$ cat final09.txt   # compact mmCIF, C-alpha atoms
# COMPACT_ATOMS: atom_id res chain seq x y z
CA MET M 16 -19.80 11.96 4.23
CA ARG M 17 -17.19 12.48 1.54
CA LEU M 18 -13.94 10.51 1.85
CA ARG M 19 -10.65 10.94 0.01
CA ILE M 20 -8.26 8.08 -0.66
CA ASP M 21 -4.65 8.56 -1.77
CA LEU M 22 -3.30 5.37 -3.31
CA ALA M 23 -0.65 3.81 -5.53
CA TYR M 24 -0.83 0.77 -7.77
CA ASP M 25 1.11 -1.46 -10.10
CA GLY M 26 -0.84 -1.23 -13.35
CA ALA M 27 0.41 -4.54 -14.78
CA PRO M 28 -2.42 -6.80 -13.55
CA PHE M 29 -5.21 -4.31 -14.29
CA ALA M 30 -7.16 -3.41 -17.42
CA GLY M 31 -6.78 0.25 -16.46
CA PHE M 32 -8.31 2.27 -13.64
CA ALA M 33 -11.92 2.58 -14.78
CA ARG M 34 -14.44 -0.07 -13.81
CA GLN M 35 -15.41 -2.50 -16.60
CA SER M 36 -17.98 -5.23 -16.08
CA ASP M 37 -15.83 -8.02 -17.50
CA GLN M 38 -12.33 -6.80 -16.60
CA HIS M 39 -10.07 -6.63 -13.54
CA THR M 40 -9.61 -2.90 -12.85
CA VAL M 41 -8.32 -0.70 -10.05
CA GLN M 42 -11.67 1.02 -9.58
CA GLY M 43 -13.48 -2.31 -9.55
CA VAL M 44 -11.25 -3.66 -6.78
CA LEU M 45 -11.39 -0.43 -4.77
CA ASP M 46 -15.15 0.11 -5.02
CA THR M 47 -15.81 -3.51 -4.06
CA ALA M 48 -13.54 -3.30 -1.01
CA VAL M 49 -15.09 -0.02 0.18
CA ALA M 50 -18.61 -1.40 -0.27
CA ARG M 51 -17.77 -4.49 1.80
CA LEU M 52 -16.31 -2.38 4.60
CA LEU M 53 -18.99 0.31 4.74
CA GLY M 54 -22.02 -1.75 3.73
CA GLN M 55 -23.14 0.34 0.77
CA THR M 56 -22.40 0.66 -2.94
CA VAL M 57 -20.01 3.48 -3.83
CA SER M 58 -18.73 4.99 -7.06
CA THR M 59 -15.27 6.52 -6.81
CA THR M 60 -14.09 9.52 -8.82
CA CYS M 61 -10.36 9.62 -9.62
CA ALA M 62 -7.90 12.40 -10.38
CA GLY M 63 -6.96 10.85 -13.72
CA ARG M 64 -7.93 7.59 -15.36
CA THR M 65 -4.98 5.43 -16.34
CA ASP M 66 -4.95 2.94 -19.21
CA ARG M 67 -4.20 -0.77 -19.08
CA GLY M 68 -0.69 -1.31 -17.72
CA VAL M 69 -0.11 2.30 -16.60
CA HIS M 70 1.03 2.72 -12.98
CA ALA M 71 0.30 5.30 -10.29
CA ARG M 72 2.24 6.39 -7.23
CA ALA M 73 -0.12 9.20 -6.30
CA GLN M 74 -3.63 8.55 -7.54
CA VAL M 75 -6.44 10.30 -5.66
CA VAL M 76 -10.11 9.33 -5.46
CA HIS M 77 -13.15 10.56 -3.61
CA PHE M 78 -16.56 9.03 -2.92
CA ASP M 79 -19.68 9.74 -0.88
CA VAL M 80 -21.35 7.47 1.67
CA ASP M 81 -24.62 7.83 3.53
CA ASP M 82 -24.52 8.56 7.24
CA THR M 83 -25.38 5.22 8.84
CA ALA M 84 -24.45 3.61 12.14
CA ARG M 85 -22.07 1.25 10.32
CA VAL M 86 -20.36 4.08 8.45
CA ARG M 87 -19.94 6.07 11.68
CA ARG M 88 -18.43 3.00 13.37
CA GLU M 89 -16.05 2.15 10.52
CA THR M 90 -14.91 5.74 9.98
CA SER M 91 -14.37 6.54 13.66
CA ASP M 92 -10.76 5.38 13.20
CA LEU M 93 -9.62 6.24 9.68
CA GLY M 94 -6.19 4.75 10.30
CA GLN M 95 -7.77 1.38 10.98
CA LEU M 96 -10.03 1.81 7.95
CA ARG M 97 -6.97 2.49 5.80
CA ARG M 98 -5.23 -0.67 7.03
CA ARG M 99 -8.27 -2.86 6.41
CA LEU M 100 -8.85 -1.38 2.97
CA ASP M 101 -5.20 -1.81 2.06
CA HIS M 102 -5.36 -5.48 3.03
CA MET M 103 -8.54 -6.11 1.05
CA CYS M 104 -7.25 -4.46 -2.14
CA GLY M 105 -4.32 -6.86 -2.51
CA ALA M 106 -0.61 -6.45 -3.09
CA ALA M 107 -0.87 -4.52 -6.38
CA ILE M 108 -2.60 -1.58 -4.62
CA VAL M 109 -1.29 0.45 -1.68
CA ILE M 110 -3.63 2.74 0.23
CA TRP M 111 -1.54 5.69 1.45
CA SER M 112 -4.29 7.58 3.25
CA VAL M 113 -8.02 7.76 3.96
CA ARG M 114 -9.47 11.01 5.25
CA ALA M 115 -12.74 12.92 5.45
CA VAL M 116 -12.96 16.00 3.22
CA ALA M 117 -15.39 18.80 2.59
CA ASP M 118 -18.25 18.19 0.17
CA ASP M 119 -16.75 20.59 -2.38
CA PHE M 120 -13.54 18.54 -2.77
CA ASP M 121 -13.48 16.73 -6.10
CA ALA M 122 -10.59 14.39 -6.94
CA ARG M 123 -10.84 15.32 -10.61
CA PHE M 124 -12.03 18.91 -10.82
CA SER M 125 -10.27 20.30 -7.73
CA ALA M 126 -6.86 19.23 -9.06
CA THR M 127 -4.62 22.09 -10.15
CA ALA M 128 -1.77 20.02 -11.63
CA ARG M 129 -0.87 16.46 -12.60
CA GLN M 130 2.61 15.06 -13.08
CA TYR M 131 3.60 11.98 -15.06
CA ARG M 132 6.94 10.27 -15.53
CA TYR M 133 7.87 7.97 -18.38
CA ARG M 134 10.90 5.72 -17.88
CA ILE M 135 13.11 4.44 -20.67
CA VAL M 136 16.16 2.18 -20.73
CA ASP M 137 18.22 2.71 -23.88
CA ASP M 138 21.28 0.60 -23.04
CA VAL M 139 20.90 -3.16 -22.76
CA SER M 140 23.74 -3.31 -20.25
CA ALA M 141 21.69 -1.06 -17.91
CA ALA M 142 18.48 -3.08 -18.19
CA ASP M 143 17.20 -4.71 -15.01
CA PRO M 144 14.78 -7.58 -15.65
CA ILE M 145 13.21 -7.02 -12.24
CA ARG M 146 12.15 -3.51 -13.36
CA ARG M 147 11.00 -4.52 -16.85
CA HIS M 148 7.36 -3.82 -15.97
CA ASP M 149 7.78 -0.06 -15.43
CA ARG M 150 10.16 1.09 -18.18
CA TRP M 151 10.40 0.89 -21.96
CA ARG M 152 13.49 -0.97 -23.07
CA LEU M 153 15.11 0.20 -26.32
CA ASP M 154 18.09 -1.33 -28.08
CA GLU M 155 19.80 1.89 -29.14
CA PRO M 156 20.97 5.00 -27.27
CA LEU M 157 18.85 8.13 -27.57
CA LYS M 158 20.20 11.63 -28.25
CA LEU M 159 19.09 13.57 -25.19
CA THR M 160 20.11 17.01 -26.50
CA ALA M 161 17.96 16.64 -29.62
CA MET M 162 15.00 15.42 -27.57
CA ARG M 163 15.26 18.40 -25.23
CA ARG M 164 15.42 20.80 -28.15
CA ALA M 165 12.32 19.25 -29.72
CA ALA M 166 10.38 19.24 -26.43
CA ARG M 167 10.62 23.02 -25.96
CA VAL M 168 7.93 23.65 -28.56
CA LEU M 169 5.40 21.75 -26.44
CA LEU M 170 5.58 24.13 -23.47
CA GLY M 171 2.63 26.45 -22.98
CA GLU M 172 -0.94 26.20 -24.20
CA HIS M 173 -1.63 24.50 -27.53
CA ASP M 174 -4.11 22.35 -29.36
CA PHE M 175 -2.61 18.90 -28.78
CA ALA M 176 -4.94 17.15 -31.24
CA ALA M 177 -1.96 15.44 -32.91
CA PHE M 178 -1.06 13.79 -29.59
CA CYS M 179 -4.49 12.81 -28.28
CA ARG M 180 -7.11 10.18 -28.84
CA ARG M 181 -10.12 12.32 -29.68
CA ALA M 182 -13.27 12.18 -27.56
CA GLN M 183 -16.49 13.59 -28.98
CA GLY M 184 -17.43 16.93 -27.50
CA ARG M 185 -14.12 17.38 -25.64
CA THR M 186 -11.43 19.89 -26.42
CA THR M 187 -7.85 18.86 -27.14
CA ARG M 188 -6.49 22.21 -26.02
CA ARG M 189 -4.17 21.78 -23.03
CA ARG M 190 -1.31 23.54 -21.25
CA LEU M 191 2.05 21.95 -20.52
CA ASP M 192 4.00 23.65 -17.74
CA GLU M 193 7.00 21.32 -17.77
CA VAL M 194 8.62 18.80 -20.10
CA ALA M 195 11.86 17.70 -18.46
CA LEU M 196 14.22 15.03 -19.76
CA ARG M 197 17.10 13.71 -17.70
CA ARG M 198 19.33 10.71 -17.20
CA PRO M 199 19.04 9.54 -13.57
CA ALA M 200 21.70 6.89 -14.30
CA PRO M 201 23.72 5.75 -17.32
CA GLY M 202 21.47 4.00 -19.81
CA HIS M 203 18.29 5.37 -18.21
CA LEU M 204 16.17 8.29 -19.43
CA ASP M 205 13.19 9.85 -17.69
CA VAL M 206 10.62 12.13 -19.31
CA ARG M 207 8.61 14.16 -16.79
CA LEU M 208 5.53 16.12 -17.88
CA ARG M 209 3.45 18.45 -15.71
CA GLY M 210 0.31 20.41 -16.46
CA PRO M 211 -3.22 21.10 -15.21
CA ALA M 212 -4.78 18.27 -17.27
CA PHE M 213 -3.97 15.83 -20.06
CA CYS M 214 -5.90 14.28 -22.94
CA HIS M 215 -6.24 10.53 -23.36
CA GLN M 216 -2.85 9.07 -24.42
CA GLN M 217 -1.27 12.54 -24.66
CA VAL M 218 1.80 11.69 -22.59
CA ARG M 219 2.49 8.41 -24.38
CA ALA M 220 2.05 10.06 -27.78
CA ILE M 221 4.51 12.83 -26.88
CA VAL M 222 7.06 10.30 -25.61
CA GLY M 223 6.68 8.26 -28.79
CA CYS M 224 7.51 11.34 -30.88
CA LEU M 225 10.44 12.35 -28.67
CA VAL M 226 11.92 8.86 -29.03
CA GLU M 227 11.79 9.20 -32.83
CA VAL M 228 13.82 12.40 -32.48
CA GLY M 229 16.19 10.73 -30.04
CA ARG M 230 16.79 7.89 -32.46
CA GLY M 231 17.65 10.35 -35.21
CA VAL M 232 14.73 9.21 -37.36
CA ARG M 233 13.28 12.74 -37.17
CA ASP M 234 14.86 16.09 -36.50
CA ALA M 235 13.86 18.40 -33.68
CA ALA M 236 11.86 20.71 -35.96
CA TRP M 237 9.56 17.84 -36.95
CA LEU M 238 7.79 17.92 -33.60
CA ALA M 239 6.78 21.55 -34.15
CA ASP M 240 5.30 20.57 -37.52
CA VAL M 241 3.31 17.73 -35.95
CA LEU M 242 1.94 20.05 -33.26
CA ALA M 243 0.95 22.71 -35.79
CA ALA M 244 -0.71 20.19 -38.12
CA GLY M 245 -3.02 18.86 -35.43
CA ASP M 246 -3.21 15.55 -37.30
CA ARG M 247 -2.80 12.36 -35.28
CA SER M 248 -1.62 10.45 -38.35
CA ARG M 249 1.43 12.73 -38.59
CA ALA M 250 2.74 11.72 -35.15
CA ALA M 251 4.72 8.64 -34.17
CA ARG M 252 3.23 5.53 -32.60
CA VAL M 253 2.39 5.99 -28.91
CA ALA M 254 4.90 4.68 -26.38
CA PRO M 255 3.87 1.44 -24.62
CA PRO M 256 1.81 1.92 -21.45
CA HIS M 257 4.01 0.10 -18.92
CA GLY M 258 6.67 2.84 -18.89
CA LEU M 259 4.21 5.48 -17.66
CA THR M 260 3.46 6.41 -14.04
CA LEU M 261 1.12 9.03 -12.59
CA GLU M 262 3.43 10.51 -9.97
CA ALA M 263 1.70 13.49 -8.42
CA VAL M 264 -1.62 15.32 -8.26
CA SER M 265 -1.73 18.80 -6.71
CA TYR M 266 -4.72 20.50 -5.11
CA GLY M 267 -3.22 23.64 -3.65
CA ARG M 268 -2.80 24.52 0.01
CA ARG M 269 -6.36 23.70 1.00
CA TRP M 270 -6.02 20.02 0.14
CA PRO M 271 -2.37 18.98 0.56
CA ALA M 272 -1.07 15.62 -0.61
CA ALA M 273 -1.16 12.78 1.89
CA PRO M 274 2.13 11.43 3.19
CA PRO M 275 4.11 9.44 2.35
CA PRO M 276 4.34 9.40 -1.04
CA ASP M 277 7.58 11.20 -1.81
CA VAL M 278 8.43 10.13 -5.34
CA ARG M 279 12.04 11.22 -4.84
CA ARG M 280 12.52 8.10 -2.76
CA HIS M 281 11.75 5.90 -5.74
CA PRO M 282 14.34 5.72 -8.56

$ encode --input "final09.txt" --output "C-alpha cells"
Amino acid sequence: MRLRIDLAYDGAPFAGFARQSDQHTVQGVLDTAVARLLGQTVSTTCAGRTDRGVHARAQVVHFDVDDTARVRRETSDLGQLRRRLDHMCGAAIVIWSVRAVADDFDARFSATARQYRYRIVDDVSAADPIRRHDRWRLDEPLKLTAMRRAARVLLGEHDFAAFCRRAQGRTTRRRLDEVALRRPAPGHLDVRLRGPAFCHQQVRAIVGCLVEVGRGVRDAAWLADVLAAGDRSRAARVAPPHGLTLEAVSYGRRWPAAPPPDVRRHP
C-alpha cells in the first residue's frame, strides 16, 4: 500500500527535513511515528527537502507499507490514523491529511509545480517579536520597484548556477514561472517564487540578491549579469533560512491538494 501525507511544520526546532542519524529532523520524527503506528520501518519521500530552519505549510510525502493485518487495521480509518500520527509528531508538525494513493504517485517526481514564499520585515516599527521566527528583519526600507525590475530577468528557463549550491551530476538548469514581490502590509515584503523544481538554496540566493538591489547596493541590471555569469561567487550572500516557507506543491487534477491548507488564510 502506498500512502500520501500532506503536512506542515515549523522548521525552527529541526535540522532540516532529511533524516540524519545524529540530528532532530522532520523526516526522522515522521518516519519514527509511522513505524510505531504501523509496525514496520518506512522511508518517506518528500516533495522538496527543506534546510535547517526552513518552514513548510504544504509539504507532501509518500511511503510504502507491506500488506499486514496490523496495517489493514490501522488504515481502515485514515481519519483516525491522521489524528494519532499528528499527536505523535508533536506540536511543531501538523498532519493535514493521510490518504491511500496509486502506486505510480510519487511525492517528488509527480509534482508539477512548487511555490515558496520568503517574508521580510524592513521597518523596525512593523516588526512583531512573536513572528521573528518566520521572517527576515532588516533595519532599512527596501526599494520595491527596483527589486521588481531586477526580478524580471529571472523568469523563464535559465542556468541558475550562480544561485545554487552545486551537486555533482545534477543540472542547475531550472524554469521560474513566477517571481512576485508585494507588500502585504506597511513594513512587510513578501517574495513569492513558483516553478516546476528548484536547486538547493536557489530561492534564498535569489532573495539575497534582490535585497542587495532593494538596498541600493546594486542596480537592477546587476542581477542579469550574475545570472549570465553562472558564477556563485558573483552573487550576494544567501538570505537566512527562517524567512522561507514551502507553501504549495501541485500535482495536477489527478492528485489534488489535501484540504485545508489554504495559504491565503495565513498572513

$ atom_distance --input "final09.txt" --atom1 "atom CA of M:Ser248" --atom2 "atom CA of M:Arg190"
21.5 Å

$ atom_distance --input "final09.txt" --atom1 "atom CA of M:Leu204" --atom2 "atom CA of M:Ala73"
20.9 Å

$ closest_residue --input "final09.txt" --among "M:Val57, M:Ala220, M:Ala176, M:Leu18" --to "M:Ala117" --atoms "only C-alpha atoms"
M:Leu18

$ atom_distance --input "final09.txt" --atom1 "atom CA of M:Val139" --atom2 "atom CA of M:Tyr24"
26.7 Å

$ residues_around --input "final09.txt" --residues "M:Val253" --least-positions-apart "6" --cutoff "9 Å" --atoms "all atoms listed in the file" --output "PDB file with C-alpha atoms, keeping the file's coordinate frame"
ATOM      1  CA  PHE M 178      -1.060  13.790 -29.590  1.00  0.00           C
ATOM      2  CA  GLN M 216      -2.850   9.070 -24.420  1.00  0.00           C
ATOM      3  CA  GLN M 217      -1.270  12.540 -24.660  1.00  0.00           C
ATOM      4  CA  VAL M 218       1.800  11.690 -22.590  1.00  0.00           C
ATOM      5  CA  ARG M 219       2.490   8.410 -24.380  1.00  0.00           C
ATOM      6  CA  ALA M 220       2.050  10.060 -27.780  1.00  0.00           C
ATOM      7  CA  ILE M 221       4.510  12.830 -26.880  1.00  0.00           C
ATOM      8  CA  VAL M 222       7.060  10.300 -25.610  1.00  0.00           C
ATOM      9  CA  GLY M 223       6.680   8.260 -28.790  1.00  0.00           C
ATOM     10  CA  CYS M 224       7.510  11.340 -30.880  1.00  0.00           C
TER      11      CYS M 224
END

$ closest_residue --input "final09.txt" --among "M:Arg134, M:Arg67, M:Arg198, M:Arg97" --to "M:Arg19" --atoms "all atoms listed in the file"
M:Arg97

$ closest_residue --input "final09.txt" --among "M:Val206, M:Ala122, M:Leu259, M:Val232" --to "M:Ala71" --atoms "only C-alpha atoms"
M:Leu259

$ residues_near_point --input "final09.txt" --point "(16.3, -2.0, -13.1)" --cutoff "12 Å" --atoms "all atoms listed in the file" --output "PyMOL selection string"
chain M and resi 134-152+199-203+281-282

$ closest_residue --input "final09.txt" --among "M:Ile20, M:Ala165, M:Ala177, M:Val41" --to "M:Gly68" --atoms "only C-alpha atoms"
M:Val41

$ closest_residue --input "final09.txt" --among "M:Leu159, M:Ala235, M:Leu153, M:Val168" --to "M:Arg197" --atoms "all atoms listed in the file"
M:Leu159

$ residues_around --input "final09.txt" --residues "M:Glu172" --least-positions-apart "2" --cutoff "9 Å" --atoms "only C-alpha atoms" --output "PyMOL selection string"
chain M and resi 169-170+174-175+188-192

$ closest_residue --input "final09.txt" --among "M:Ile110, M:Leu208, M:Ala84, M:Ala30" --to "M:Ala263" --atoms "only C-alpha atoms"
M:Leu208

$ residues_around --input "final09.txt" --residues "stretch 34-37 of chain M" --least-positions-apart "6" --cutoff "12 Å" --atoms "all atoms listed in the file" --output "number ranges by chain"
M: 43-47, 57-61, 64-67
